[in-house]
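Visitor: What follows is the file input.cif, containing mmCIF, C-alpha atoms:
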```cif
data_my_file
loop_
_atom_site.label_atom_id
_atom_site.label_comp_id
_atom_site.auth_asym_id
_atom_site.auth_seq_id
_atom_site.Cartn_x
_atom_site.Cartn_y
_atom_site.Cartn_z
CA MET A 186 0.00 0.00 0.00
CA GLY A 187 2.78 2.44 0.89
CA ARG A 188 0.43 5.23 1.98
CA ASP A 189 0.35 6.62 5.49
CA THR A 190 -3.08 6.89 7.01
CA PRO A 191 -4.21 9.69 9.34
CA LEU A 192 -5.91 7.08 11.53
CA SER A 193 -4.40 5.93 14.81
CA PRO A 194 -5.39 3.61 17.65
CA ASP A 195 -5.82 6.54 20.05
CA GLN A 196 -8.88 7.77 18.13
CA ASP A 197 -12.48 6.69 17.92
CA ILE A 198 -13.49 6.33 14.27
CA LEU A 199 -17.16 6.97 13.40
CA VAL A 200 -18.16 5.91 9.89
CA ASP A 201 -21.02 7.13 7.68
CA ALA A 202 -22.85 4.84 5.24
CA ASN A 203 -21.44 6.56 2.17
CA ILE A 204 -17.94 5.28 3.00
CA PHE A 205 -19.22 1.70 2.75
CA TYR A 206 -21.03 2.54 -0.49
CA ALA A 207 -17.85 4.11 -1.88
CA ILE A 208 -15.63 1.13 -1.06
CA GLY A 209 -18.14 -1.31 -2.50
CA ARG A 210 -18.13 -5.05 -1.95
CA PRO A 211 -15.28 -7.00 -0.36
CA SER A 212 -13.96 -8.00 -3.79
CA ASN A 213 -13.57 -4.33 -4.80
CA PRO A 214 -10.01 -2.85 -4.74
CA GLN A 215 -11.19 0.17 -2.71
CA TYR A 216 -12.70 -2.14 -0.09
CA ARG A 217 -9.47 -4.09 0.21
CA ARG A 218 -7.38 -0.90 0.46
CA PHE A 219 -9.71 0.58 3.09
CA ARG A 220 -9.68 -2.65 5.13
CA THR A 221 -5.87 -2.77 4.94
CA ALA A 222 -5.53 0.90 5.97
CA VAL A 223 -7.86 0.44 8.94
CA GLN A 224 -6.23 -2.80 10.06
CA ASN A 225 -2.70 -1.39 9.65
CA ALA A 226 -3.70 1.64 11.73
CA GLY A 227 -4.95 -0.67 14.47
CA VAL A 228 -8.39 0.90 14.67
CA VAL A 229 -11.92 -0.45 14.77
CA CYS A 230 -14.51 1.60 12.89
CA LYS A 231 -17.62 2.36 14.90
CA VAL A 232 -20.71 2.17 12.71
CA PRO A 233 -23.92 3.51 14.25
CA GLN A 234 -26.93 1.20 14.05
CA ARG A 235 -28.72 3.82 11.93
CA VAL A 236 -25.90 3.62 9.36
CA ILE A 237 -26.15 -0.17 9.34
CA GLY A 238 -29.84 0.23 8.50
CA GLU A 239 -28.98 2.52 5.58
CA LEU A 240 -26.57 -0.15 4.30
CA GLY A 241 -29.26 -2.82 4.27
CA GLY A 242 -28.52 -4.43 7.63
CA PRO A 243 -25.65 -6.30 9.26
CA GLU A 244 -25.88 -9.26 6.90
CA THR A 245 -24.94 -7.37 3.73
CA ASP A 246 -21.60 -8.66 2.48
CA ARG A 247 -19.70 -5.40 2.97
CA VAL A 248 -20.89 -5.07 6.58
CA ARG A 249 -20.69 -8.77 7.51
CA THR A 250 -17.13 -9.03 6.20
CA ALA A 251 -16.04 -5.93 8.15
CA LEU A 252 -17.64 -7.27 11.34
CA ASP A 253 -16.24 -10.77 10.87
CA ASP A 254 -12.75 -9.41 10.14
CA GLY A 255 -12.95 -7.32 13.32
CA TRP A 256 -12.22 -3.93 11.80
CA ALA A 257 -15.76 -2.62 12.33
CA GLU A 258 -18.30 -2.80 15.12
CA ILE A 259 -21.91 -1.73 15.36
CA ILE A 260 -22.66 0.85 18.03
CA GLU A 261 -25.97 1.88 19.48
CA ALA A 262 -25.82 5.62 18.99
CA THR A 263 -28.43 7.29 21.10
CA PRO A 264 -29.56 10.73 19.98
CA PRO A 265 -27.32 13.41 21.47
CA THR A 266 -28.49 14.56 24.90
CA ASP A 267 -25.52 16.65 25.96
CA GLY A 268 -26.15 20.38 25.32
CA ASP A 269 -23.02 20.78 23.18
CA ALA A 270 -23.87 17.64 21.22
CA VAL A 271 -27.44 18.81 20.54
CA ALA A 272 -26.16 22.22 19.48
CA ALA A 273 -23.59 20.53 17.21
CA SER A 274 -26.30 18.48 15.52
CA ASP A 275 -28.34 21.66 14.97
CA ILE A 276 -25.34 23.52 13.54
CA ALA A 277 -24.52 20.62 11.24
CA ARG A 278 -28.13 20.38 10.06
CA ARG A 279 -28.27 24.15 9.31
CA THR A 280 -24.96 24.01 7.45
CA ILE A 281 -26.01 21.00 5.39
CA ALA A 282 -29.36 22.62 4.59
CA SER A 283 -27.60 25.78 3.47
CA GLU A 284 -25.06 23.86 1.37
CA THR A 285 -27.74 21.80 -0.37
CA ASN A 286 -30.48 24.46 -0.61
CA ARG A 287 -32.89 22.21 1.28
CA ALA A 288 -35.10 22.85 4.27
CA GLU A 289 -33.54 21.76 7.58
CA HIS A 290 -36.21 19.09 8.12
CA GLU A 291 -35.19 17.50 4.79
CA VAL A 292 -31.57 16.99 5.84
CA GLU A 293 -30.54 13.36 6.39
CA LYS A 294 -30.72 12.84 10.15
CA THR A 295 -27.66 10.61 10.35
CA ASP A 296 -25.42 13.32 8.90
CA ALA A 297 -26.43 15.82 11.59
CA ILE A 298 -26.40 13.24 14.37
CA LEU A 299 -22.79 12.29 13.57
CA ALA A 300 -21.71 15.78 14.66
CA GLY A 301 -23.40 15.41 18.03
CA LEU A 302 -22.21 11.84 18.43
CA ALA A 303 -18.61 12.92 17.82
CA ILE A 304 -18.87 15.49 20.62
CA GLN A 305 -20.44 12.96 22.98
CA TYR A 306 -17.57 10.55 22.25
CA VAL A 307 -14.97 13.25 22.93
CA ARG A 308 -16.60 14.18 26.22
CA ASP A 309 -17.60 10.75 27.49
CA ARG A 310 -14.85 8.41 26.32
CA SER A 311 -11.15 7.91 26.29
CA PRO A 312 -9.37 8.44 23.93
CA SER A 313 -10.58 11.95 23.58
CA THR A 314 -10.10 12.40 19.84
CA VAL A 315 -12.64 11.40 17.24
CA VAL A 316 -12.48 11.00 13.49
CA VAL A 317 -15.67 11.07 11.43
CA LEU A 318 -15.37 9.41 8.03
CA THR A 319 -17.84 10.64 5.43
CA ASP A 320 -17.68 11.31 1.71
CA ASP A 321 -20.70 13.60 1.82
CA LYS A 322 -19.19 17.08 1.27
CA PRO A 323 -22.07 19.06 2.83
CA ALA A 324 -22.01 16.72 5.84
CA ARG A 325 -18.23 17.14 6.15
CA LYS A 326 -18.64 20.90 6.18
CA GLY A 327 -21.53 20.66 8.65
CA ILE A 328 -19.60 18.44 11.07
CA LYS A 329 -16.50 20.65 10.80
CA ASN A 330 -18.56 23.80 11.43
CA ALA A 331 -20.26 22.17 14.40
CA ALA A 332 -16.97 21.02 15.93
CA GLN A 333 -15.43 24.46 15.46
CA SER A 334 -18.48 26.33 16.79
CA GLN A 335 -18.55 24.16 19.91
CA GLY A 336 -14.79 24.43 20.49
CA TYR A 337 -13.88 20.88 19.45
CA GLU A 338 -11.88 21.60 16.29
CA GLU A 339 -8.72 20.22 17.95
CA THR A 340 -10.35 16.94 18.98
CA ILE A 341 -12.75 16.14 16.11
CA THR A 342 -11.46 15.60 12.59
CA VAL A 343 -13.47 14.82 9.48
CA TYR A 344 -11.97 12.81 6.63
CA GLY A 345 -13.20 11.38 3.37
CA LEU A 346 -12.27 8.09 1.77
CA VAL A 347 -9.52 9.63 -0.36
CA ASP A 348 -7.81 10.80 2.86
CA ILE A 349 -7.59 7.19 3.99
CA ILE A 350 -6.83 5.22 0.80
CA GLY A 351 -5.73 7.88 -1.66
CA ASP A 352 -7.07 8.41 -5.12
CA ASP A 353 -6.09 5.55 -7.42
CA ALA A 354 -6.86 6.39 -11.05
CA GLY A 355 -7.03 2.64 -11.75
CA ASP A 356 -10.11 2.27 -9.57
CA SER A 357 -13.41 2.07 -11.30
CA MET A 358 -16.88 2.15 -9.89
CA ARG A 359 -18.97 -0.77 -10.97
CA LEU A 360 -22.72 -0.62 -10.49
CA ILE A 361 -24.48 -3.92 -10.12
#
```
Could you express the structure from this file as structure tokens?
Guide:
Amino acid sequence: MGRDTPLSPDQDILVDANIFYAIGRPSNPQYRRFRTAVQNAGVVCKVPQRVIGELGGPETDRVRTALDDGWAEIIEATPPTDGDAVAASDIARRTIASETNRAEHEVEKTDAILAGLAIQYVRDRSPSTVVVLTDDKPARKGIKNAAQSQGYEETITVYGLVDIIGDDAGDSMRLI
């Protein structure tokens, strides 16, 4: 692989559904590179139950393989209750709505909840740094804005797939 990853074992890694869609099935080169990057970094990706639902459940091949290989785990992500976490979800939702020219109530709930969940993880868990992986650009901006507005820009980082596995021109997306 030869590429350094920004992931490290002293971080909690929260993953959005679009990362699993982007890497495809276990036979896909992106899937294999992502799995290798995660395993080499010594991290376990935390996938909220809501994300698992968006992916079609825990028995889909991409999810089952990740769970069986031990580089992903399903977490029960309760809605944010901490004041900073609730505010972060609201900020993320407003940012995403603005970026996509949609009403706030039309914004995908998981995208906004990831911002609040990241803050809850920073405050309630050790290690105290969190990475959110999403390829949704409005969501990335929303989560970054929320973290910065709530004073967590040093402890919450948002990456996309290319930040983890690079951009290989030889990759192709195959729709089945």
Visitor: Can you pull out every residue within 12 Å of Asp254 of chain A, counting only C-alpha atoms, but drop anything in the same chain fewer than 3 positions away, and send it as a list in words?
Guide: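 In the requested form, the answer reads Pro211, Arg217, Arg220, Thr221, Val223, Gln224, Val229, Cys230, Asp246, Arg247, Val248, Arg249, Thr250, Ala251, Ala257 and Glu258 of chain A.
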Visitor: Determine the nearest neighbour of Pro194 of chain A from the options A:Gly227, A:Gly336, A:Gly209, A:Gly241, counting all atoms listed in the file.
Guide: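 Going through A:Gly227, A:Gly336, A:Gly209, A:Gly241 one by one, the smallest distance to Pro194 of chain A is for A:Gly227.
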Visitor: As a check of understanding, name the residues that the PyMOL selection byres ((chain A and resi 313) around 9) selects in the supplied structure, as a PDB file with C-alpha atoms, in the frame of the given file.
Guide:
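Written file, part_33.pdb:
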```
ATOM      1  CA  ASP A 195      -5.820   6.540  20.050  1.00  0.00           C
ATOM      2  CA  GLN A 196      -8.880   7.770  18.130  1.00  0.00           C
ATOM      3  CA  ASP A 197     -12.480   6.690  17.920  1.00  0.00           C
ATOM      4  CA  TYR A 306     -17.570  10.550  22.250  1.00  0.00           C
ATOM      5  CA  VAL A 307     -14.970  13.250  22.930  1.00  0.00           C
ATOM      6  CA  ARG A 308     -16.600  14.180  26.220  1.00  0.00           C
ATOM      7  CA  ASP A 309     -17.600  10.750  27.490  1.00  0.00           C
ATOM      8  CA  ARG A 310     -14.850   8.410  26.320  1.00  0.00           C
ATOM      9  CA  SER A 311     -11.150   7.910  26.290  1.00  0.00           C
ATOM     10  CA  PRO A 312      -9.370   8.440  23.930  1.00  0.00           C
ATOM     11  CA  THR A 314     -10.100  12.400  19.840  1.00  0.00           C
ATOM     12  CA  VAL A 315     -12.640  11.400  17.240  1.00  0.00           C
ATOM     13  CA  THR A 340     -10.350  16.940  18.980  1.00  0.00           C
ATOM     14  CA  ILE A 341     -12.750  16.140  16.110  1.00  0.00           C
TER      15      ILE A 341
END
```
Visitor: Do a neighbour search on Ile350 of chain A at 12 Å with all atoms listed in the file, toss out local chain neighbours closer than 4 positions, and write the hits as a PyMOL selection string.
Guide: chain A and resi 186-192+204+207-208+214-223+225-226+318+344-346+354+356
Visitor: Could you check how far atom CA of Gly301 of chain A sits from atom CA of Asp253 of chain A, in Å to one decimal?
Guide: 28.1 Å
Visitor: I want to know what sits within 6 Å of segment 297-300 of chain A, based on only C-alpha atoms, with residues of the same chain fewer than 3 positions away left out; could you give that as a list of chain:residue names?
Guide: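 Skipping anything fewer than 3 positions along the chain leaves A:Ala273, A:Ser274, A:Ala277, A:Arg278, A:Lys294, A:Ala303, A:Ile328.
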Visitor: Go through the shown structure with the PyMOL selection byres ((chain A and resi 320-323) around 6) and write out the matching residues as a ChimeraX atom specification.
Guide: /A:281,284,319,324-326,345
Visitor: What residues come out when you apply the PyMOL selection byres ((chain A and resi 259) around 6) to this file, written as a VMD selection string?
Guide: chain A and resid 231 to 234 258 260
Visitor: Between A:Glu261, A:Val316, A:Val200, A:Glu289, which is the closest to Glu339 of chain A once you count all atoms listed in the file?
Guide: A:Val316
Visitor: Could you tell me which of A:Ala272, A:Ile349, A:Val236, A:Ile304 comes closest to Tyr337 of chain A if we count all atoms listed in the file?
Guide: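 With all atoms listed in the file as the atom set, the closest residue is A:Ile304.
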Visitor: Work out how far atom CA of Asp353 of chain A is from atom CA of Asp296 of chain A, in Å to one decimal.
Guide: 26.5 Å
